[in-house]
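K.L.:
I have a structure here, written as structure tokens, and I will follow up with some questions on it.
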Amino acid sequence: MKYLRSIYWGRSNTYLLILALTGLAFALRFYHLAFQSLWLDEAWAIKLASEPLPNLIRKFTETGENGPLYFLLLRLWLAIFGKTEFSLRFFSLLPGVAIVPLIYTTGRSLLNKRAGLIAALLATFSPFLISYSQEGKMYALLAFVSLLSFYLFWKALNTSRWSFWAAYGIVAALSLYIHIFAVLIPLSLAVFFLGIGWWQYPKARLRWLAVQAFLILPYIPLGIWHWKVIRLAPPTERLYSFVPLMDMITSLFNSFSSSPKGIIAALFVLLLVLGLSPLAKRRGSGYLVRATILALSISVPILATYAVSLRFPLFVPRYLIVIVPAYYLTLACGLAWGSRRWGVGSWLVALALVGQFLFVQKDNLWDNKLIKEDWRGAAGYVNTKSQEGDVLLLNPSYLNVPYNYYATARLPILYPPPTLDKEALDQAFTPGLKSYPRVWLVLAHDWVDDPQGLVKGWLDSHEQLADGRQFAGPVRIYLYYLGQAPRYPQPAKLGETIRFLGYDLSATSLAPGQTLKLSLYWQALGQPDKDYTVFTHLLDNQGRAWGGHDGYPVSGSAPTSQWTSGRAIIDQHELTLAANAPPGNYHVEIGLYELASGRRLMTAEGDDKIRLDQKLLVTQER
């Protein structure tokens, strides 16, 4: 048994394990790297990194921007490897993978080899770290640099070598220019040193003071920026709601532990308690120092964020990615202590946590599910469906960056007015849209800039909704016809609250296997009390059906129960003629019915369907 243990814990074998975990971390982060569409912030990252250098530097002297270091590095990277989704995210993948060997090295130095290995195992499979290693933003780099500064600080304390102190000062100073929240790790380490380190490491006092003085100089410009954000920014620029402290802690716990529930959640809490308890080790004084630096590296950033949020709400879980390494090191410490008591059981618990991490990643790893804003799909839909003369309306205006990254149909673009009220919308849209037959409305993040839905409400009340799609994110696309009348008018009333106005046909003759595009024009006479399904049947002269389509109006984006009196709707359907359909004259029948009961709405003449007047000629040849 001792022989097996010596093989398992041998230095060369440990390095092989870390190498294997690093390779596995690379594979997990590389897989599906470009599968998800770029979302808003990623598209803006490419745009900012592509700005002329003076503009880029000037941009980051404005209130509300993060430090420019990430974008300066990204600028060089994209210039070499191109502005693709893959290239952008690979830049984040590299520090995301490097976290694994670094957290092992940190855990081995701070705790022991076993804890380092377990921390590396957790970091390898962490859904939180994998997600931000596949995102074209600075968060993976921020987590890596924060962990590196933590490691260098610890080495500097315990070796008293100026080289480590200098390296810590440089890395910490650079991290300040990556993200505003990078300051929380030097702050946590300063609280630790003033609270315990000043007495535990008397020889390090002068060196620590020198490094702190060095850090103050590069922080002065950022400190001014931080003061402006916290003190001077008007309430209208505050994008986030206030989060109570316990809700903040719960949100972070769920994010870092991948939304655990029940027994799994209790296990995470137990491991955190064991990892921070000085009783978990025989010699409590040395462990107390280690437990304190881990505890402060987790708690100080949370408390500081909460304190700032009392004045200026600024909490998002990804901003506190700086504490993720300390969180996993604490879990690893608890598991490492447990391995002394539980033996192999501790590793089984670690593997169970890894299994739970893998399970919550099933959408990305196995189900091929789009979970980010699908601008690729949204722009692609407009690319294929748009026509010459269409116009694009983006709400809010900054959606032009992710949309244009994928757009190939270069439509004219309109934006909502700065002030959103009925008068401003009338002044902007009445003359602005009158020269266009159709308008595509693109919505995302409008709950921030247009929480009442005024832009869409204006179009709903003035124009005819013809199409609607929702993509992941959610990104929503709506097509409106601007005052267009049906080519084939055929007024008819269905029930008490719905009028059929007429229809358009893409063709009046077709061959077997071809698709007929049918646009139905509806108008609400009142408020329908139910959601009705539209049916369309393509029939021959004997009444046999050779094609058809059933569905909610406008692909489900305009259910009848939400129609308002006077509102016009254009509802598009595609009817594919069966490949074995015989030649001859055909016609289309349409109507509305309740999906649950199958009951159809009746016309004023007592029919449960409307037969369209225009006949269709089916030929033999395609």
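Ligands are numbered from 1 in the order shown, chains are lettered A, B, ... in the order of the structure tokens, and residues start at 1 in each chain.
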Hey, what does DSSP flag as helix (DSSP H, G or I) within region 258-322 of chain A? Can you give it to me as number ranges by chain?
P.N.:
A: 263-276, 278-280, 284-311, 317-322
K.L.:
Could you write out the selected residues, including C-alpha atoms, as a PDB file, in the first residue's frame?
P.N.:
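Saved the output as out-v3.pdb:
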```pdb
ATOM      1  CA  ILE A 263     -27.495  17.397  -0.630  1.00  0.00           C
ATOM      2  CA  ILE A 264     -25.049  18.838  -3.163  1.00  0.00           C
ATOM      3  CA  ALA A 265     -25.483  22.333  -1.749  1.00  0.00           C
ATOM      4  CA  ALA A 266     -24.993  21.051   1.797  1.00  0.00           C
ATOM      5  CA  LEU A 267     -21.826  19.274   0.668  1.00  0.00           C
ATOM      6  CA  PHE A 268     -20.361  22.471  -0.766  1.00  0.00           C
ATOM      7  CA  VAL A 269     -21.115  24.322   2.469  1.00  0.00           C
ATOM      8  CA  LEU A 270     -19.550  21.527   4.554  1.00  0.00           C
ATOM      9  CA  LEU A 271     -16.376  21.589   2.467  1.00  0.00           C
ATOM     10  CA  LEU A 272     -16.104  25.359   2.770  1.00  0.00           C
ATOM     11  CA  VAL A 273     -16.464  25.129   6.565  1.00  0.00           C
ATOM     12  CA  LEU A 274     -13.870  22.366   6.773  1.00  0.00           C
ATOM     13  CA  GLY A 275     -11.532  24.279   4.496  1.00  0.00           C
ATOM     14  CA  LEU A 276     -11.654  27.425   6.626  1.00  0.00           C
ATOM     15  CA  PRO A 278      -8.359  25.836  11.908  1.00  0.00           C
ATOM     16  CA  LEU A 279      -9.552  22.661  13.628  1.00  0.00           C
ATOM     17  CA  ALA A 280      -9.103  20.785  10.365  1.00  0.00           C
ATOM     18  CA  GLY A 284      -3.693  25.475  14.228  1.00  0.00           C
ATOM     19  CA  SER A 285      -1.443  28.571  14.165  1.00  0.00           C
ATOM     20  CA  GLY A 286       0.070  27.996  10.726  1.00  0.00           C
ATOM     21  CA  TYR A 287      -3.242  26.907   9.330  1.00  0.00           C
ATOM     22  CA  LEU A 288      -4.955  29.923  10.870  1.00  0.00           C
ATOM     23  CA  VAL A 289      -2.815  32.161   8.658  1.00  0.00           C
ATOM     24  CA  ARG A 290      -3.732  30.146   5.583  1.00  0.00           C
ATOM     25  CA  ALA A 291      -7.405  29.944   6.482  1.00  0.00           C
ATOM     26  CA  THR A 292      -7.480  33.691   7.113  1.00  0.00           C
ATOM     27  CA  ILE A 293      -5.911  34.648   3.775  1.00  0.00           C
ATOM     28  CA  LEU A 294      -8.392  32.413   1.954  1.00  0.00           C
ATOM     29  CA  ALA A 295     -11.341  33.697   3.966  1.00  0.00           C
ATOM     30  CA  LEU A 296     -10.383  37.326   3.385  1.00  0.00           C
ATOM     31  CA  SER A 297      -9.797  36.729  -0.330  1.00  0.00           C
ATOM     32  CA  ILE A 298     -13.410  35.586  -0.521  1.00  0.00           C
ATOM     33  CA  SER A 299     -15.135  37.845   1.995  1.00  0.00           C
ATOM     34  CA  VAL A 300     -13.422  41.214   1.457  1.00  0.00           C
ATOM     35  CA  PRO A 301     -14.354  41.451  -2.265  1.00  0.00           C
ATOM     36  CA  ILE A 302     -17.964  40.528  -1.432  1.00  0.00           C
ATOM     37  CA  LEU A 303     -18.237  43.034   1.429  1.00  0.00           C
ATOM     38  CA  ALA A 304     -16.505  45.764  -0.583  1.00  0.00           C
ATOM     39  CA  THR A 305     -18.865  45.199  -3.508  1.00  0.00           C
ATOM     40  CA  TYR A 306     -21.832  45.320  -1.161  1.00  0.00           C
ATOM     41  CA  ALA A 307     -20.570  48.540   0.441  1.00  0.00           C
ATOM     42  CA  VAL A 308     -20.188  50.194  -2.963  1.00  0.00           C
ATOM     43  CA  SER A 309     -23.609  48.915  -4.022  1.00  0.00           C
ATOM     44  CA  LEU A 310     -25.214  50.811  -1.159  1.00  0.00           C
ATOM     45  CA  ARG A 311     -24.343  53.930  -3.115  1.00  0.00           C
ATOM     46  CA  PRO A 317     -21.456  37.451 -10.433  1.00  0.00           C
ATOM     47  CA  ARG A 318     -18.923  37.532 -13.264  1.00  0.00           C
ATOM     48  CA  TYR A 319     -17.364  40.716 -11.870  1.00  0.00           C
ATOM     49  CA  LEU A 320     -16.345  38.734  -8.780  1.00  0.00           C
ATOM     50  CA  ILE A 321     -14.561  36.025 -10.744  1.00  0.00           C
ATOM     51  CA  VAL A 322     -11.477  37.278  -8.865  1.00  0.00           C
TER      52      VAL A 322
END
```
K.L.:
Find the residues near Leu157 (chain A): any atom within 9 Å, counting only C-alpha atoms, skip ones fewer than 4 places away on the same chain, and give them as a count of residues only.
P.N.:
10
K.L.:
For Pro127 (chain A), which of A:His587, A:Arg108, A:His179, A:Lys362 is the closest residue, counting only C-alpha atoms?
P.N.:
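Counting only C-alpha atoms, the residue closest to Pro127 (chain A) is A:Lys362.
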K.L.:
Residues near region 449-451 of chain A, anyone? I mean within 9 Å using only C-alpha atoms, not counting same-chain ones fewer than 6 positions away, as number ranges by chain.
P.N.:
A: 395-396, 420
K.L.:
Would you put the residues from that selection into a file with N, CA, C and O atoms, as a PDB file, in the first residue's frame?
P.N.:
```
ATOM      1  N   ASN A 395     -33.482  48.608 -31.528  1.00  0.00           N
ATOM      2  CA  ASN A 395     -33.829  49.163 -30.217  1.00  0.00           C
ATOM      3  C   ASN A 395     -33.250  48.267 -29.114  1.00  0.00           C
ATOM      4  O   ASN A 395     -33.659  47.125 -28.971  1.00  0.00           O
ATOM      5  N   PRO A 396     -32.234  48.786 -28.387  1.00  0.00           N
ATOM      6  CA  PRO A 396     -31.605  50.108 -28.457  1.00  0.00           C
ATOM      7  C   PRO A 396     -30.589  50.204 -29.586  1.00  0.00           C
ATOM      8  O   PRO A 396     -30.273  49.203 -30.234  1.00  0.00           O
ATOM      9  N   LEU A 420     -37.829  58.570 -25.151  1.00  0.00           N
ATOM     10  CA  LEU A 420     -38.879  57.647 -25.572  1.00  0.00           C
ATOM     11  C   LEU A 420     -40.216  58.056 -24.949  1.00  0.00           C
ATOM     12  O   LEU A 420     -40.487  57.780 -23.778  1.00  0.00           O
TER      13      LEU A 420
END
```
K.L.:
Which one is closest to Tyr177 (chain A): A:Val448, A:Leu189, A:Ile220, A:Gly67? Count only C-alpha atoms.
P.N.:
A:Gly67
K.L.:
Rounded to one decimal in Å, what is the spacing between CA of Ala579 (chain A) and CA of Asp467 (chain A)?
P.N.:
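Interatomic distance, CA of Ala579 (chain A) to CA of Asp467 (chain A): 27.5 Å.
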K.L.:
Quick one: distance from CA of Phe81 (chain A) to CA of Leu174 (chain A) in Å, one decimal?
P.N.:
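These two atoms are separated by 23.9 Å.
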K.L.:
Going by DSSP on the backbone, which bits of region 383-475 of chain A are strand (DSSP E)? Write them as a list of chain:residue names, please.
P.N.:
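These are the residues in question: A:Val391, A:Leu392, A:Leu393, A:Leu394, A:Asn395, A:Ile413, A:Leu414, A:Arg438, A:Val439, A:Trp440, A:Leu441, A:Val442, A:Leu443, A:Gln464, A:Leu465, A:Ala466, A:Asp467, A:Gly468, A:Arg469, A:Gln470, A:Phe471, A:Val475.
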K.L.:
Which residues are near Tyr503 (chain A)? Cut-off 10 Å, only C-alpha atoms, ignore same chain within fewer than 3 positions. Put them as a list of chain:residue names.
P.N.:
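Residues near the query, excluding close chain neighbours: A:Ala485, A:Pro486, A:Arg487, A:Tyr488, A:Pro489, A:Gln490, A:Pro491, A:Phe500, A:Leu518, A:Ser519, A:Leu520, A:Tyr521, A:Trp522, A:Ile570, A:Asp571, A:Gln572, A:Leu612, A:Asp613, A:Gln614.
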K.L.:
For Tyr381 (chain A), list every protein, DNA or RNA residue within 12 Å, evaluated using only C-alpha atoms, and leave out those in the same chain fewer than 4 positions away; present the list as a ChimeraX atom specification.
P.N.:
/A:374-377,385-387,403,406-409,440,442,467-471,475-479
K.L.:
Can I get the selection written as an mmCIF file, in the first residue's frame, with N, CA, C and O atoms?
P.N.:
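Printed below is result.cif as written:
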```cif
data_model
loop_
_atom_site.group_PDB
_atom_site.id
_atom_site.type_symbol
_atom_site.label_atom_id
_atom_site.label_comp_id
_atom_site.auth_asym_id
_atom_site.auth_seq_id
_atom_site.Cartn_x
_atom_site.Cartn_y
_atom_site.Cartn_z
ATOM 1 N N ASP A 374 -28.255 34.933 -29.772
ATOM 2 C CA ASP A 374 -28.029 34.350 -31.097
ATOM 3 C C ASP A 374 -28.115 35.426 -32.177
ATOM 4 O O ASP A 374 -29.060 35.460 -32.985
ATOM 5 N N TRP A 375 -27.117 36.288 -32.227
ATOM 6 C CA TRP A 375 -27.087 37.310 -33.278
ATOM 7 C C TRP A 375 -26.773 36.695 -34.634
ATOM 8 O O TRP A 375 -27.183 37.216 -35.667
ATOM 9 N N ARG A 376 -26.082 35.601 -34.639
ATOM 10 C CA ARG A 376 -25.810 34.902 -35.898
ATOM 11 C C ARG A 376 -27.113 34.449 -36.547
ATOM 12 O O ARG A 376 -27.349 34.667 -37.738
ATOM 13 N N GLY A 377 -27.991 33.839 -35.740
ATOM 14 C CA GLY A 377 -29.271 33.385 -36.271
ATOM 15 C C GLY A 377 -30.200 34.536 -36.615
ATOM 16 O O GLY A 377 -30.888 34.495 -37.637
ATOM 17 N N LYS A 385 -34.594 36.781 -45.483
ATOM 18 C CA LYS A 385 -35.988 37.171 -45.647
ATOM 19 C C LYS A 385 -36.180 38.623 -46.103
ATOM 20 O O LYS A 385 -37.277 38.982 -46.532
ATOM 21 N N SER A 386 -35.141 39.442 -46.003
ATOM 22 C CA SER A 386 -35.310 40.859 -46.329
ATOM 23 C C SER A 386 -35.419 41.066 -47.834
ATOM 24 O O SER A 386 -34.999 40.214 -48.633
ATOM 25 N N GLN A 387 -35.988 42.205 -48.208
ATOM 26 C CA GLN A 387 -36.172 42.573 -49.598
ATOM 27 C C GLN A 387 -35.613 43.968 -49.833
ATOM 28 O O GLN A 387 -35.414 44.749 -48.881
ATOM 29 N N TYR A 403 -25.312 43.074 -34.401
ATOM 30 C CA TYR A 403 -26.090 42.759 -35.606
ATOM 31 C C TYR A 403 -25.227 42.884 -36.866
ATOM 32 O O TYR A 403 -25.207 41.989 -37.712
ATOM 33 N N TYR A 406 -22.735 40.137 -38.168
ATOM 34 C CA TYR A 406 -23.224 38.994 -38.947
ATOM 35 C C TYR A 406 -24.032 39.393 -40.177
ATOM 36 O O TYR A 406 -24.326 38.548 -41.018
ATOM 37 N N ALA A 407 -24.429 40.643 -40.285
ATOM 38 C CA ALA A 407 -25.331 41.039 -41.362
ATOM 39 C C ALA A 407 -24.611 41.053 -42.703
ATOM 40 O O ALA A 407 -23.488 41.549 -42.822
ATOM 41 N N THR A 408 -25.273 40.509 -43.710
ATOM 42 C CA THR A 408 -24.797 40.622 -45.091
ATOM 43 C C THR A 408 -25.754 41.467 -45.925
ATOM 44 O O THR A 408 -25.344 42.062 -46.915
ATOM 45 N N ALA A 409 -27.033 41.491 -45.525
ATOM 46 C CA ALA A 409 -28.006 42.362 -46.197
ATOM 47 C C ALA A 409 -27.886 43.748 -45.565
ATOM 48 O O ALA A 409 -28.337 43.976 -44.443
ATOM 49 N N TRP A 440 -37.986 46.080 -40.327
ATOM 50 C CA TRP A 440 -37.577 44.998 -39.432
ATOM 51 C C TRP A 440 -37.216 45.620 -38.083
ATOM 52 O O TRP A 440 -36.312 46.447 -38.000
ATOM 53 N N VAL A 442 -35.596 45.055 -34.490
ATOM 54 C CA VAL A 442 -34.674 44.166 -33.778
ATOM 55 C C VAL A 442 -34.622 44.613 -32.320
ATOM 56 O O VAL A 442 -34.300 45.768 -32.031
ATOM 57 N N ASP A 467 -44.447 39.243 -39.263
ATOM 58 C CA ASP A 467 -43.597 38.103 -38.929
ATOM 59 C C ASP A 467 -42.932 38.393 -37.591
ATOM 60 O O ASP A 467 -42.751 39.554 -37.208
ATOM 61 N N GLY A 468 -42.580 37.347 -36.893
ATOM 62 C CA GLY A 468 -41.889 37.502 -35.630
ATOM 63 C C GLY A 468 -41.135 36.241 -35.270
ATOM 64 O O GLY A 468 -41.647 35.134 -35.450
ATOM 65 N N ARG A 469 -39.918 36.395 -34.815
ATOM 66 C CA ARG A 469 -39.097 35.264 -34.393
ATOM 67 C C ARG A 469 -38.363 35.631 -33.112
ATOM 68 O O ARG A 469 -37.937 36.763 -32.938
ATOM 69 N N GLN A 470 -38.197 34.649 -32.224
ATOM 70 C CA GLN A 470 -37.385 34.853 -31.031
ATOM 71 C C GLN A 470 -36.194 33.921 -31.107
ATOM 72 O O GLN A 470 -36.341 32.721 -31.361
ATOM 73 N N PHE A 471 -35.028 34.472 -30.890
ATOM 74 C CA PHE A 471 -33.792 33.722 -30.900
ATOM 75 C C PHE A 471 -33.224 33.698 -29.488
ATOM 76 O O PHE A 471 -33.697 34.405 -28.596
ATOM 77 N N VAL A 475 -33.078 37.422 -28.295
ATOM 78 C CA VAL A 475 -33.055 38.399 -29.385
ATOM 79 C C VAL A 475 -34.340 38.197 -30.172
ATOM 80 O O VAL A 475 -34.689 37.072 -30.515
ATOM 81 N N ARG A 476 -35.057 39.286 -30.443
ATOM 82 C CA ARG A 476 -36.351 39.179 -31.117
ATOM 83 C C ARG A 476 -36.354 40.003 -32.396
ATOM 84 O O ARG A 476 -35.812 41.110 -32.440
ATOM 85 N N ILE A 477 -36.955 39.421 -33.427
ATOM 86 C CA ILE A 477 -37.068 40.062 -34.741
ATOM 87 C C ILE A 477 -38.546 40.133 -35.111
ATOM 88 O O ILE A 477 -39.272 39.130 -35.035
ATOM 89 N N TYR A 478 -39.010 41.322 -35.506
ATOM 90 C CA TYR A 478 -40.394 41.498 -35.966
ATOM 91 C C TYR A 478 -40.375 42.216 -37.315
ATOM 92 O O TYR A 478 -39.582 43.142 -37.522
ATOM 93 N N LEU A 479 -41.252 41.778 -38.198
ATOM 94 C CA LEU A 479 -41.400 42.413 -39.501
ATOM 95 C C LEU A 479 -42.760 43.089 -39.567
ATOM 96 O O LEU A 479 -43.787 42.462 -39.299
#
```
K.L.:
Counting only C-alpha atoms, figure out which residue out of A:Ile216, A:Leu595, A:Leu16, A:Leu40 gets nearest to His445 (chain A).
P.N.:
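Checking each of A:Ile216, A:Leu595, A:Leu16, A:Leu40 against His445 (chain A), counting only C-alpha atoms, the winner is A:Leu40.
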K.L.:
Between CA of Ala123 (chain A) and CA of Trp154 (chain A), what is the distance in Å, rounded to a tenth?
P.N.:
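These atoms are spaced 19.9 Å apart.
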K.L.:
I'd like the neighbourhood of Val211 (chain A) as a list in words, where a residue qualifies if any of its atoms comes within 12 Å (using only C-alpha atoms), though same-chain residues fewer than 2 positions away should be ignored.
P.N.:
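After dropping sequence-adjacent residues, the list is Phe153, Ala156, Trp162, Ser163, Phe164, Trp165, Ala166, Ala167, Tyr168, Gly169, Ile170, Val171, Ala172, Ala173, Pro186, Leu189, Ala190, Ala204, Arg205, Leu206, Arg207, Trp208, Leu209, Ala213, Phe214, Leu215, Ile216, Leu217 and Pro218 of chain A.
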K.L.:
Write the residues of the preceding selection, restricted to N, CA, C and O atoms, as an mmCIF file, in the first residue's frame.
P.N.:
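Saved result, part-v2.cif, follows:
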```
data_model
loop_
_atom_site.group_PDB
_atom_site.id
_atom_site.type_symbol
_atom_site.label_atom_id
_atom_site.label_comp_id
_atom_site.auth_asym_id
_atom_site.auth_seq_id
_atom_site.Cartn_x
_atom_site.Cartn_y
_atom_site.Cartn_z
ATOM 1 N N PHE A 153 2.166 36.993 -3.973
ATOM 2 C CA PHE A 153 2.129 37.596 -2.644
ATOM 3 C C PHE A 153 2.485 36.563 -1.578
ATOM 4 O O PHE A 153 3.274 36.833 -0.661
ATOM 5 N N ALA A 156 6.124 35.726 -1.759
ATOM 6 C CA ALA A 156 6.920 36.837 -1.249
ATOM 7 C C ALA A 156 6.929 36.849 0.274
ATOM 8 O O ALA A 156 7.975 37.090 0.900
ATOM 9 N N TRP A 162 13.047 39.775 -2.723
ATOM 10 C CA TRP A 162 12.587 40.975 -3.418
ATOM 11 C C TRP A 162 12.004 40.646 -4.794
ATOM 12 O O TRP A 162 11.128 41.360 -5.286
ATOM 13 N N SER A 163 12.513 39.587 -5.412
ATOM 14 C CA SER A 163 12.018 39.255 -6.754
ATOM 15 C C SER A 163 10.532 38.926 -6.737
ATOM 16 O O SER A 163 9.777 39.330 -7.633
ATOM 17 N N PHE A 164 10.085 38.213 -5.706
ATOM 18 C CA PHE A 164 8.668 37.893 -5.607
ATOM 19 C C PHE A 164 7.845 39.142 -5.279
ATOM 20 O O PHE A 164 6.744 39.326 -5.797
ATOM 21 N N TRP A 165 8.388 39.999 -4.401
ATOM 22 C CA TRP A 165 7.673 41.230 -4.092
ATOM 23 C C TRP A 165 7.539 42.114 -5.335
ATOM 24 O O TRP A 165 6.488 42.695 -5.592
ATOM 25 N N ALA A 166 8.630 42.205 -6.095
ATOM 26 C CA ALA A 166 8.578 43.023 -7.309
ATOM 27 C C ALA A 166 7.592 42.435 -8.315
ATOM 28 O O ALA A 166 6.809 43.165 -8.946
ATOM 29 N N ALA A 167 7.613 41.089 -8.462
ATOM 30 C CA ALA A 167 6.695 40.442 -9.402
ATOM 31 C C ALA A 167 5.243 40.656 -8.969
ATOM 32 O O ALA A 167 4.367 40.932 -9.797
ATOM 33 N N TYR A 168 4.999 40.541 -7.667
ATOM 34 C CA TYR A 168 3.643 40.785 -7.161
ATOM 35 C C TYR A 168 3.211 42.218 -7.460
ATOM 36 O O TYR A 168 2.081 42.452 -7.924
ATOM 37 N N GLY A 169 4.075 43.174 -7.199
ATOM 38 C CA GLY A 169 3.726 44.573 -7.445
ATOM 39 C C GLY A 169 3.412 44.839 -8.907
ATOM 40 O O GLY A 169 2.448 45.546 -9.238
ATOM 41 N N ILE A 170 4.201 44.264 -9.810
ATOM 42 C CA ILE A 170 3.989 44.484 -11.246
ATOM 43 C C ILE A 170 2.679 43.844 -11.704
ATOM 44 O O ILE A 170 1.866 44.466 -12.407
ATOM 45 N N VAL A 171 2.462 42.577 -11.300
ATOM 46 C CA VAL A 171 1.252 41.870 -11.730
ATOM 47 C C VAL A 171 0.009 42.548 -11.165
ATOM 48 O O VAL A 171 -0.990 42.749 -11.874
ATOM 49 N N ALA A 172 0.051 42.924 -9.886
ATOM 50 C CA ALA A 172 -1.099 43.586 -9.276
ATOM 51 C C ALA A 172 -1.372 44.924 -9.945
ATOM 52 O O ALA A 172 -2.532 45.294 -10.178
ATOM 53 N N ALA A 173 -0.300 45.675 -10.267
ATOM 54 C CA ALA A 173 -0.483 46.971 -10.930
ATOM 55 C C ALA A 173 -1.099 46.802 -12.308
ATOM 56 O O ALA A 173 -2.005 47.547 -12.702
ATOM 57 N N PRO A 186 -5.717 42.883 -4.389
ATOM 58 C CA PRO A 186 -4.741 43.636 -3.570
ATOM 59 C C PRO A 186 -5.354 44.198 -2.295
ATOM 60 O O PRO A 186 -4.691 44.244 -1.258
ATOM 61 N N LEU A 189 -5.581 41.299 0.200
ATOM 62 C CA LEU A 189 -4.251 40.952 0.705
ATOM 63 C C LEU A 189 -3.723 42.031 1.649
ATOM 64 O O LEU A 189 -3.005 41.728 2.608
ATOM 65 N N ALA A 190 -4.086 43.292 1.388
ATOM 66 C CA ALA A 190 -3.678 44.370 2.294
ATOM 67 C C ALA A 190 -4.382 44.224 3.643
ATOM 68 O O ALA A 190 -3.769 44.409 4.706
ATOM 69 N N ALA A 204 8.791 41.268 6.650
ATOM 70 C CA ALA A 204 8.210 41.646 5.358
ATOM 71 C C ALA A 204 7.562 43.019 5.388
ATOM 72 O O ALA A 204 7.072 43.481 4.361
ATOM 73 N N ARG A 205 7.578 43.696 6.542
ATOM 74 C CA ARG A 205 6.861 44.961 6.655
ATOM 75 C C ARG A 205 7.366 46.002 5.663
ATOM 76 O O ARG A 205 6.578 46.650 4.958
ATOM 77 N N LEU A 206 8.677 46.191 5.628
ATOM 78 C CA LEU A 206 9.245 47.219 4.754
ATOM 79 C C LEU A 206 8.950 46.910 3.291
ATOM 80 O O LEU A 206 8.591 47.812 2.525
ATOM 81 N N ARG A 207 9.122 45.648 2.914
ATOM 82 C CA ARG A 207 8.868 45.266 1.522
ATOM 83 C C ARG A 207 7.387 45.476 1.160
ATOM 84 O O ARG A 207 7.065 45.947 0.070
ATOM 85 N N TRP A 208 6.511 45.102 2.082
ATOM 86 C CA TRP A 208 5.083 45.279 1.814
ATOM 87 C C TRP A 208 4.747 46.756 1.654
ATOM 88 O O TRP A 208 3.993 47.132 0.735
ATOM 89 N N LEU A 209 5.270 47.609 2.508
ATOM 90 C CA LEU A 209 5.011 49.036 2.406
ATOM 91 C C LEU A 209 5.534 49.594 1.086
ATOM 92 O O LEU A 209 4.882 50.438 0.450
ATOM 93 N N ALA A 213 3.220 51.321 -1.843
ATOM 94 C CA ALA A 213 3.502 52.641 -2.410
ATOM 95 C C ALA A 213 3.608 52.560 -3.933
ATOM 96 O O ALA A 213 3.133 53.447 -4.656
ATOM 97 N N PHE A 214 4.202 51.455 -4.418
ATOM 98 C CA PHE A 214 4.324 51.265 -5.860
ATOM 99 C C PHE A 214 2.953 51.098 -6.512
ATOM 100 O O PHE A 214 2.713 51.596 -7.614
ATOM 101 N N LEU A 215 2.036 50.405 -5.808
ATOM 102 C CA LEU A 215 0.700 50.169 -6.370
ATOM 103 C C LEU A 215 -0.137 51.433 -6.400
ATOM 104 O O LEU A 215 -1.031 51.574 -7.233
ATOM 105 N N ILE A 216 0.117 52.348 -5.480
ATOM 106 C CA ILE A 216 -0.692 53.564 -5.418
ATOM 107 C C ILE A 216 -0.526 54.399 -6.681
ATOM 108 O O ILE A 216 -1.497 54.967 -7.200
ATOM 109 N N LEU A 217 0.673 54.461 -7.227
ATOM 110 C CA LEU A 217 0.930 55.329 -8.379
ATOM 111 C C LEU A 217 0.096 54.945 -9.598
ATOM 112 O O LEU A 217 -0.590 55.797 -10.168
ATOM 113 N N PRO A 218 0.121 53.667 -10.040
ATOM 114 C CA PRO A 218 -0.722 53.335 -11.209
ATOM 115 C C PRO A 218 -2.211 53.357 -10.900
ATOM 116 O O PRO A 218 -3.029 53.395 -11.814
#
```
